[in-house]
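To keep things clear, I will list the structure first and then write my remarks on it.
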Amino acid sequence: MTTPLLELRNVRVHFPVRGRTARRTGTVVKAVDGVSLTLEEGRTLGVVGESGCGKSTLVRTLLRLVSITEGEVLWQGRDVRRFDEQEMRELRRDVRMVFQDPLASLNPRMTVGELVREPLDLFAPQLDERSKRNAVASMFERVGLRAELVDRYPHEFSGGQCQRVNIARALIGKPKLLICDESVSALDVSIRSQILNLLIELQADTGVACLFISHDLSVIRQVSERVLVLYLGKTMECRDAEALFVAPSHPYTQALLDAAPVPDPVVERSRARAVLGGELPSPLSPPSGCVFRSRCPEAAPRCAITAPPQKSVRGGEVICHFR
Amino acid sequence: MSLLEVTGLSVSYRSRRGSVCAVNDVSFEIERGRCLGIVGESGSGKTQTCLAVAGLLPAEAAIGGSVRFDGRELLGATRSMFNELRGKQIAMVFQDPMTALTPHLTVGSQLCEILKVHEGMRGPDARRRAIEIMERVRIADPERRFDMYPFELSGGMRQRVMIALALILRPALVLADEPTTALDVTVQAEVISTFRAVIEHTGTALLLVTHDLGVVAGLCDSVMVMYAGRTVEQAAVAEIFDSPAHPYTRALLDCLPRTDRPRGTRMVSIAGQPPDLASLPPGCAFAPRCDRAESICTTTVPSLQACGIDRAVACLRHGATT
């Protein structure tokens with residue numbers, strides 16, 4: 001068996017809470033609490049969950065943007081925490097991110113041509129001027145931007161175009177992994193499908209692996225082969241996308257699917273919905289046992305006592321007492 | 001007579017690059033107890049339309065046309081008339097519940113303030129009414145939440161407080177501008193079902209502005225689709241989804257990612273960018289992105305034509321076979 005591109009083993013990220021009382025009592029927010037995942041080269045994993053479930057924190061551990069409290073983050077089989085400066089530089093070349101806000105993630109004082117070229121200057125300084133310029137031009141073409149736009153500044157572009165610039169900038173250094181953190185959430189509907197199609201195409205062409213973070217299951221469904229469902233920093237279900245969407249196993253996944261509005265009045269008004277009651281609990285004091293039990297329609301007494309075990313289901317794992 | 005009749009509404013602003021028409025000749029009506037959804041992407045004029053009805057447009061906006069509420073003309077109405085109407089007859093729910101609530105007042109005092117101003121109700125009576133409406137919008141534990149500040153509540157709870165504020169005086173019309181956009185899907189589903197229950201119970205009419213066709217499918221009776229400040233299609237909700245007449249409506253529906261469709265199916269997307277309102281193309285504003293456009297579309301602005309009962313579409317190619 002080959003080493004997976006990325007492997008997270010039982011990762012925990014706990015943040016200390018500010019304030020004197022909190023420090024004395026040792027209160028921590030468990031943003032990510034024991035999550036494992038593997039991603040093979042060229043594959044796509046979708047990470048889904050509500051705000052505050054730890055999905056962004058989880059992927060940021062890879063680039064050491066947040067430091068992990070416990071567990072291991074393995075990049076091509078090697079622990080990223082032991083990486084030295086040189087290895088971190090290589091990692092940052094191989095793992096690129098595209099963020100949610102297309103404009104805020106571009107330096108307003110650089111032209112889009114400079115922005116797309118910057119990774120080459122940093123990671124491939126040996127290239128001569130001409131080949132860099134050619135690389136930028138061909139990248140522009142691939143993401144669907146006209147070549148004559150290179151000297152424009154980000155503020156002259158619409159959100160969708162800025163996101164194309166971000167994608168070009170991410171892919172020009174031929175990374176091994178592309179992390180899309182809510183990359184299409186801020187875009188209008190018509191533009192969102194353009195960008196999603198572009199990402200799917202580019203992934204097929206370049207064979208880059210992709211971690212796709214979104215709160216929107218319909219977006220996740222379009223792009224992912226495998227889906228990880230998080231709730232309050234814990235894995236609920238991790239399965240092949242087809243199995244998960246056809247027959248969700250965890251009550252939380254079911255609830256997320258039920259909650260997503262379907263653009264069809266007949267379906268939308270007739271279907272039975274398991275609407276989640278209650279609120280997302282405070283991450284400072286998550287429920288005992290299974291963290292989802294306070295909103296789970298199937299919760300039973302034992303859910304409050306013991307944390308549910310991980311069980312195998314078709315195409316993956318689910319973490320629930322009743323499956 | 002309809003509760004709200006908007007005829008030929010236009011809103012424009014002067015800018016350095018000339019006049020920008022944010023809303024262009026828009027007409028619609030809402031009956032009592034019904035729900036109209038206005039759908040469109042950013043810059044389509046949907047929020048401007050909503051603000052025009054509420055009398056909340058900035059002073060520099062040039063407004064034309066007519067907005068009649070319950071027989072009374074609202075355009076050019078005096079401030080005191082609006083003060084009497086707003087809150088009592090017309091209420092509004094905004095997108096961001098954090099910025100729309102007063103941060104230094106408790107939820108209870110914000111609810112009671114409305115009762116005091118409009119009905120002169122105070123003390124325990126007002127408190128009882130406030131708690132009653134909090135229960136109706138399904139705020140759990142209303143007695144305790146009455147004394148909380150907005151920052152102590154989650155986003156979904158705050159949006160419920162906004163809805164409670166809008167509904168406490170049982171207004172005839174509620175304007176809701178993207179009321180669930182800032183919320184998680186699970187919370188959104190709950191807020192929508194609350195909305196639906198409350199509207200059915202009180203007989204309030206709703207003008208819902210949204211970009212989410214899924215929300216429209218669940219709540220609205222009829223739909224108006226806007227593009228670049230103009231109405232491109234108006235129809236009952238079933239018709240819009242069953243047989244969209246305007247190419248833009250059809251494209252909008254086709255390009256939605258859906259959880260009930262398998263992976264890998266390439267999504268239909270609308271090529272190009274939404275138009276720049278300061279330099280609209282001559283002819284149909286959607287023509288540059290339209291797959292059915294012909295030469296006539298680039299020269300003539302299509303007008304809204306009736307096609308069937310309570311249905312209208314603004315497309316020169318409507319009815320053409322190819």
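Residues are named by chain letter and number: chains run A, B, ... in the order of the structure tokens, numbers start at 1 in each chain, and ligands are numbered from 1 in the order shown.
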Practice problem: Give me every strand (DSSP E or B) residue in segment 8-103 of chain A, going by DSSP on the backbone, as a PyMOL selection string. | Solution: chain A and resi 8-16+28-39+44-48+70-75+78-79+95-98
Quiz item: Taking only C-alpha atoms into account, which residues of chain B are within 8 Å of chain A, as a PyMOL selection string?
Solution: chain B and resi 41-42+140+154+184-190+211+213-218+237-238+241+251-253+255-260+262-271+273
Quiz item: Where does DSSP see helix (DSSP H, G or I) in segment 11-143 of chain B, if you list the residues as a PyMOL selection string?
Solution: chain B and resi 46-54+79-85+97-100+107-119+123-136+142-143
Practice problem: Name the residues in contact with Arg78 of chain A at a cut-off of 10 Å, using only C-alpha atoms, excluding same-chain residues fewer than 4 positions from it; report them as a PyMOL selection string. | Solution: chain A and resi 3+5-7+72-74+82-83
Exercise. Take atom CA of Ala52 of chain B and atom CA of Ile30 of chain B and report the distance between them in Å, one decimal.
Key: 15.1 Å
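Of the listed residues (A:Ser185, A:Gln203, A:Thr44, A:Asn10), A:Thr44 comes nearest to Asp240 of chain A; the distances count only C-alpha atoms.
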Self-check item: Close residues, Val223 of chain B itself excluded, 12 Å, only C-alpha atoms, min 2 positions apart in chain, as a ChimeraX atom specification
Solution: /A:265 /B:28-30,34-40,46,206-213,215-221,225-226,231-241,244,249,310-313
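Atom CA of Val13 of chain A sits 23.8 Å away from atom CA of Gly316 of chain A.
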Practice problem: Compile the contact shell of segment 13-18 of chain B as a VMD selection string: residues with an atom at most 7 Å away, counting only C-alpha atoms, same-chain residues fewer than 5 positions apart removed. | Solution: chain B and resid 60 to 62 278
Based on the selection just made, write N, CA and C atoms of those residues as a CSV table (one decimal), in the first residue's frame.
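Okay, selection_38.csv is ready:
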```csv
chain,number,residue,atom,x,y,z
B,60,GLU,N,-30.6,60.7,-1.6
B,60,GLU,CA,-30.1,61.0,-2.9
B,60,GLU,C,-30.7,60.1,-4.0
B,61,ALA,N,-31.5,59.1,-3.6
B,61,ALA,CA,-32.1,58.3,-4.6
B,61,ALA,C,-33.3,59.0,-5.3
B,62,ALA,N,-33.3,58.9,-6.6
B,62,ALA,CA,-34.4,59.5,-7.4
B,62,ALA,C,-35.4,58.4,-7.6
B,278,ALA,N,-24.0,50.8,-14.7
B,278,ALA,CA,-23.7,52.1,-15.2
B,278,ALA,C,-23.5,52.0,-16.7
```
Practice problem: Please identify all polymer residues within 12 Å of Leu58 of chain A, counting only C-alpha atoms, omitting same-chain residues fewer than 6 positions from it, and present them as a ChimeraX atom specification. | Solution: /A:7-14,30-37,47-49,52,64-69,71-73,179,181,211-213,228,230,232-235
Selection: 7 Å around Tyr149 of chain B, only C-alpha atoms, excl. self and same-chain fewer than 2 positions, as a PDB file with C-alpha atoms, in the first residue's frame:
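Written out: part_20.pdb:
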```pdb
ATOM      1  CA  PRO B 103     -26.677  46.045  21.175  1.00  0.00           C
ATOM      2  CA  HIS B 104     -27.110  47.821  24.513  1.00  0.00           C
ATOM      3  CA  LEU B 105     -30.798  47.043  25.058  1.00  0.00           C
ATOM      4  CA  THR B 106     -32.186  43.713  26.169  1.00  0.00           C
ATOM      5  CA  VAL B 107     -34.380  41.726  23.817  1.00  0.00           C
ATOM      6  CA  ASP B 147     -33.669  39.830  29.857  1.00  0.00           C
ATOM      7  CA  PHE B 151     -24.831  39.317  21.904  1.00  0.00           C
ATOM      8  CA  GLU B 152     -25.829  36.553  24.300  1.00  0.00           C
TER       9      GLU B 152
END
```
Quiz item: Please, what distance in Å, to one decimal, runs between atom CA of Glu317 of chain A and atom CA of Cys238 of chain A?
Solution: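 We find that atom CA of Glu317 of chain A and atom CA of Cys238 of chain A lie 5.3 Å from each other.
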Quiz item: So, counting only C-alpha atoms, which residue among B:Ile139, B:Ala228, B:Ala182, B:Ala293 is closest to Val26 of chain B?
Solution: B:Ala228
